[in-house]
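Undergrad: Structure provided below as structure tokens; questions to follow.
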Amino acid sequence: MPPYDAHDSAGPHPDVAGWVLQALDHDDAMSFAAHLRQCEQCRAVVAEFRPIAQAMTHAAPALEPPADLGTRTLLAVQQAAAVQPRQAATAANRTTWWRWPWSTPLLSAASALAGAAAAAAIIAAAVLLSGHSGGLPAQALTFHLAPPPGAGQAASGTAVARPDASGSWDITLTVHHLKNFNDAKWYQCWYLSKDHSKVASAGTFLVPDSGSGTFSMTSAVDPHTFTTMEITLQPPSHNGALHGRVVLSGQGQNA
Amino acid sequence: MSLTDAEALAAQEAELVTQMAAGDTGAPVAELYRRYGRRLYRFGMQVLGNQGLAEEMVQESFVRLWRTAGRFDAARGSVGAYLFVIARSAAADIRKRPSSRPLLSVEEAHVPPLPDNVDQILDGLIVREALDTLSPPQAEVLALAQEEGLTQSQIAERLGVPLGTVKTRMFHGMKALRAALAQRGFHAAV
């Protein structure tokens with residue numbers, strides 16, 4: 001430590017912190033008190049540090065929320081949306097809703113089924129508002145999903161879309177060898193129209209450490225019109241960007 | 001953080017709420033949880049004193065945010081401020097609710113006594129976040145002095161480091177804490 005009478009060129013004496021925190025040992029405290037009476041620079045820093053030391057006494061406990069609270073919160077919102085879909089959907093742009101990334105909540109493999117029902121409710125509400133009348137063909141489609149050319153990945157997947165009694169489409173997506181990013185990134189399943197000018201999300205999912213999983217999703221989108229399926233890797237804060245990096249894609253074929 | 005950065009952040013968060021209002025219950029919710037989930041949880045623990053109720057408050061706050069997202073007006077305040085108004089209301093409702101799970105006493109919940117008012121709680125959350133930004137060695141010496149009341153020589157003995165190291169870590173820790181508080185707009189303290 002610099003001597004009390006020789007620190008001016010190097011800024012305030014480091015004991016100023018121990019002084020405001022009342023952590024100086026007795027001899028140091030006595031010496032610093034005498035120094036403080038003569039040092040305007042250290043008095044100024046004491047004046048700055050003292051309210052900070054006071055604020056520290058009111059600091060919130062260093063508690064961490066459970067690791068899965070984020071996922072449960074997302075599901076809670078989605079379940080609320082399923083109960084009251086119209087309230088949220090009324091704010092949507094009726095003419096351009098197709099172009100919105102209708103992201104369903106982040107789904108773990110264990111929660112995918114619970115989330116799918118809520119996703120169906122949201123999308124169904126949007127369909128009603130957009131005037132999309134349905135008339136869904138009854139033919140199931142299969143999408144064989146592969147990495148883009150040159151990607152050099154071993155990932156693969158298959159999705160089967162089947163019409164259900166409500167006019168929506170139940171999607172069973174199975175993927176293999178996708179990397180697990182935990183909550184840092186997630187995968188999203190998209191439908192693209194024939195000319196790729198329109199995009200609709202079918203759901204969001206995480207994969208376990210094995211890289212493989214089967215996910216159930218529901219969408220109001222007709223896969224005979226939206227004939228391409230893509231799986232993208234979404235960054236954590238894409239802020240509504242339509243796409244992350246495409247990791248799998250495929251065309252719908254009659255099952 | 002410059003004013004421009006703060007404005008950009010506020011605009012970005014307002015856009016996330018707009019997306020929620022438009023029906024997106026996925027990525028915008030996840031991003032806002034990433035930014036505010038921990039602070040909300042700590043707020044819930046402070047005002048409710050129970051982990052389960054704090055978790056419920058966090059979930060309910062985001063559900064209410066979704067329900068009212070269409071009414072959010074960025075001109076009237078930040079998303080963070082709006083979210084904490086919601087959280088405060090949710091916590092009050094949970095406290096008033098007849099429940100089969102009685103609130104635990106402060107001793108049972110292992111949390112400090114509640115501050116006198118919510119503003120003080122919110123200030124405490126900001127101070128905690130600022131403390132979280134310190135390097136572990138700096139945070140450690142400040143905690144030993146503030147929470148355990150140890151002198152610098154006692155801290156040096158506890159950690160097995162020279163006294164001068166403790167003095168240096170304490171000084172630079174206070175400087176870093178001052179900067180972190182200022183960055184969070186905690187001007188009342190600096």
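Lettering and numbering for the structure tokens are positional, with chains as A, B, ... in the shown order, residues counted from 1 in each chain, and ligands counted from 1 in the shown order.
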Contacts of region 126-133 of chain B at 6 Å or less, counting only C-alpha atoms, minus same-chain residues fewer than 4 places along, as a ChimeraX atom specification?
TA: /A:59-60 /B:180-181
Undergrad: With N, CA and C atoms retained, could you export that selection as an mmCIF file, in the first residue's frame?
TA:
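New file out_3.cif:
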data_model
loop_
_atom_site.group_PDB
_atom_site.id
_atom_site.type_symbol
_atom_site.label_atom_id
_atom_site.label_comp_id
_atom_site.auth_asym_id
_atom_site.auth_seq_id
_atom_site.Cartn_x
_atom_site.Cartn_y
_atom_site.Cartn_z
ATOM 1 N N ALA A 59 -28.959 -5.109 -0.293
ATOM 2 C CA ALA A 59 -28.902 -5.955 -1.490
ATOM 3 C C ALA A 59 -29.807 -7.178 -1.320
ATOM 4 N N ALA A 60 -30.503 -7.513 -2.389
ATOM 5 C CA ALA A 60 -31.359 -8.705 -2.361
ATOM 6 C C ALA A 60 -30.502 -9.944 -2.187
ATOM 7 N N ALA B 180 -20.935 -0.292 -11.828
ATOM 8 C CA ALA B 180 -22.056 -1.167 -12.193
ATOM 9 C C ALA B 180 -23.394 -0.563 -11.765
ATOM 10 N N LEU B 181 -23.399 0.090 -10.627
ATOM 11 C CA LEU B 181 -24.640 0.745 -10.181
ATOM 12 C C LEU B 181 -25.000 1.913 -11.094
#
Undergrad: If we count only C-alpha atoms and set the cut-off at 12 Å, which residues sit around Arg35 (chain B), ignoring sequence neighbours fewer than 4 positions away in its own chain? Please answer as an MDAnalysis selection string.
TA: (chainID A and resid 70 236:237) or (chainID B and resid 9 12:13 16 28:31 39:41 79:80 83 129)
Undergrad: Using the selection just defined, write its residues with N, CA and C atoms as a PDB file, in the first residue's frame.
TA:
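Resulting contents of out_25.pdb:
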ATOM      1  N   GLY A  70     -38.014 -21.077 -16.470  1.00  0.00           N
ATOM      2  CA  GLY A  70     -38.238 -20.410 -17.747  1.00  0.00           C
ATOM      3  C   GLY A  70     -39.162 -21.215 -18.651  1.00  0.00           C
ATOM      4  N   PRO A 236     -31.015 -17.158 -29.484  1.00  0.00           N
ATOM      5  CA  PRO A 236     -31.880 -16.863 -28.342  1.00  0.00           C
ATOM      6  C   PRO A 236     -32.630 -15.547 -28.479  1.00  0.00           C
ATOM      7  N   SER A 237     -32.151 -14.613 -29.271  1.00  0.00           N
ATOM      8  CA  SER A 237     -32.840 -13.319 -29.346  1.00  0.00           C
ATOM      9  C   SER A 237     -32.963 -12.897 -30.806  1.00  0.00           C
TER      10      SER A 237
ATOM     11  N   LEU B   9     -32.176  -0.496 -26.304  1.00  0.00           N
ATOM     12  CA  LEU B   9     -32.637  -1.639 -25.513  1.00  0.00           C
ATOM     13  C   LEU B   9     -34.131  -1.517 -25.224  1.00  0.00           C
ATOM     14  N   GLN B  12     -36.061  -2.282 -28.309  1.00  0.00           N
ATOM     15  CA  GLN B  12     -36.010  -3.718 -28.595  1.00  0.00           C
ATOM     16  C   GLN B  12     -37.004  -4.473 -27.711  1.00  0.00           C
ATOM     17  N   GLU B  13     -37.051  -4.109 -26.444  1.00  0.00           N
ATOM     18  CA  GLU B  13     -37.963  -4.802 -25.530  1.00  0.00           C
ATOM     19  C   GLU B  13     -39.420  -4.442 -25.842  1.00  0.00           C
ATOM     20  N   LEU B  16     -40.513  -6.628 -28.540  1.00  0.00           N
ATOM     21  CA  LEU B  16     -40.836  -7.982 -28.057  1.00  0.00           C
ATOM     22  C   LEU B  16     -42.269  -8.030 -27.515  1.00  0.00           C
ATOM     23  N   PRO B  28     -40.394 -14.155 -28.024  1.00  0.00           N
ATOM     24  CA  PRO B  28     -40.417 -12.905 -27.226  1.00  0.00           C
ATOM     25  C   PRO B  28     -40.534 -13.177 -25.732  1.00  0.00           C
ATOM     26  N   VAL B  29     -41.332 -14.143 -25.368  1.00  0.00           N
ATOM     27  CA  VAL B  29     -41.477 -14.478 -23.948  1.00  0.00           C
ATOM     28  C   VAL B  29     -40.162 -15.030 -23.408  1.00  0.00           C
ATOM     29  N   ALA B  30     -39.538 -15.900 -24.200  1.00  0.00           N
ATOM     30  CA  ALA B  30     -38.270 -16.480 -23.766  1.00  0.00           C
ATOM     31  C   ALA B  30     -37.215 -15.404 -23.557  1.00  0.00           C
ATOM     32  N   GLU B  31     -37.172 -14.449 -24.479  1.00  0.00           N
ATOM     33  CA  GLU B  31     -36.162 -13.403 -24.368  1.00  0.00           C
ATOM     34  C   GLU B  31     -36.427 -12.496 -23.173  1.00  0.00           C
ATOM     35  N   ARG B  39     -34.513 -11.507 -11.851  1.00  0.00           N
ATOM     36  CA  ARG B  39     -34.849 -10.362 -10.990  1.00  0.00           C
ATOM     37  C   ARG B  39     -36.277 -10.490 -10.460  1.00  0.00           C
ATOM     38  N   LEU B  40     -37.172 -10.955 -11.303  1.00  0.00           N
ATOM     39  CA  LEU B  40     -38.550 -11.157 -10.847  1.00  0.00           C
ATOM     40  C   LEU B  40     -38.623 -12.229  -9.765  1.00  0.00           C
ATOM     41  N   TYR B  41     -37.868 -13.296  -9.966  1.00  0.00           N
ATOM     42  CA  TYR B  41     -37.877 -14.375  -8.967  1.00  0.00           C
ATOM     43  C   TYR B  41     -37.368 -13.859  -7.619  1.00  0.00           C
ATOM     44  N   VAL B  79     -40.407  -1.487 -20.569  1.00  0.00           N
ATOM     45  CA  VAL B  79     -40.993  -2.814 -20.370  1.00  0.00           C
ATOM     46  C   VAL B  79     -40.666  -3.324 -18.977  1.00  0.00           C
ATOM     47  N   GLY B  80     -39.439  -3.062 -18.528  1.00  0.00           N
ATOM     48  CA  GLY B  80     -39.048  -3.518 -17.201  1.00  0.00           C
ATOM     49  C   GLY B  80     -39.930  -2.910 -16.117  1.00  0.00           C
ATOM     50  N   LEU B  83     -43.322  -4.455 -16.310  1.00  0.00           N
ATOM     51  CA  LEU B  83     -43.326  -5.825 -15.812  1.00  0.00           C
ATOM     52  C   LEU B  83     -43.321  -5.851 -14.282  1.00  0.00           C
ATOM     53  N   GLU B 129     -27.778  -7.274  -8.555  1.00  0.00           N
ATOM     54  CA  GLU B 129     -27.306  -7.494  -9.927  1.00  0.00           C
ATOM     55  C   GLU B 129     -25.946  -6.843 -10.137  1.00  0.00           C
TER      56      GLU B 129
END
Undergrad: Looking at only C-alpha atoms, which of B:Arg169, B:Lys96, B:Arg38, B:Arg178 is the one that sits closest to Leu144 (chain B)?
TA: B:Arg169
Undergrad: Could you write out as a ChimeraX atom specification the residues of chain B within 7 Å of chain A, counting only C-alpha atoms?
TA: /B:16,21-31,33,38,41-42,59,62-63,66-67,70,124-125,127-128,145-146,150-153,164,167-168,170-171,174,178,189-190
Undergrad: Please provide the set of residues having any atom within 10 Å of region 147-150 of chain A, restricted to only C-alpha atoms, with same-chain residues fewer than 4 positions apart removed, written as a ChimeraX atom specification.
TA: /A:154-157,230-231,246-250
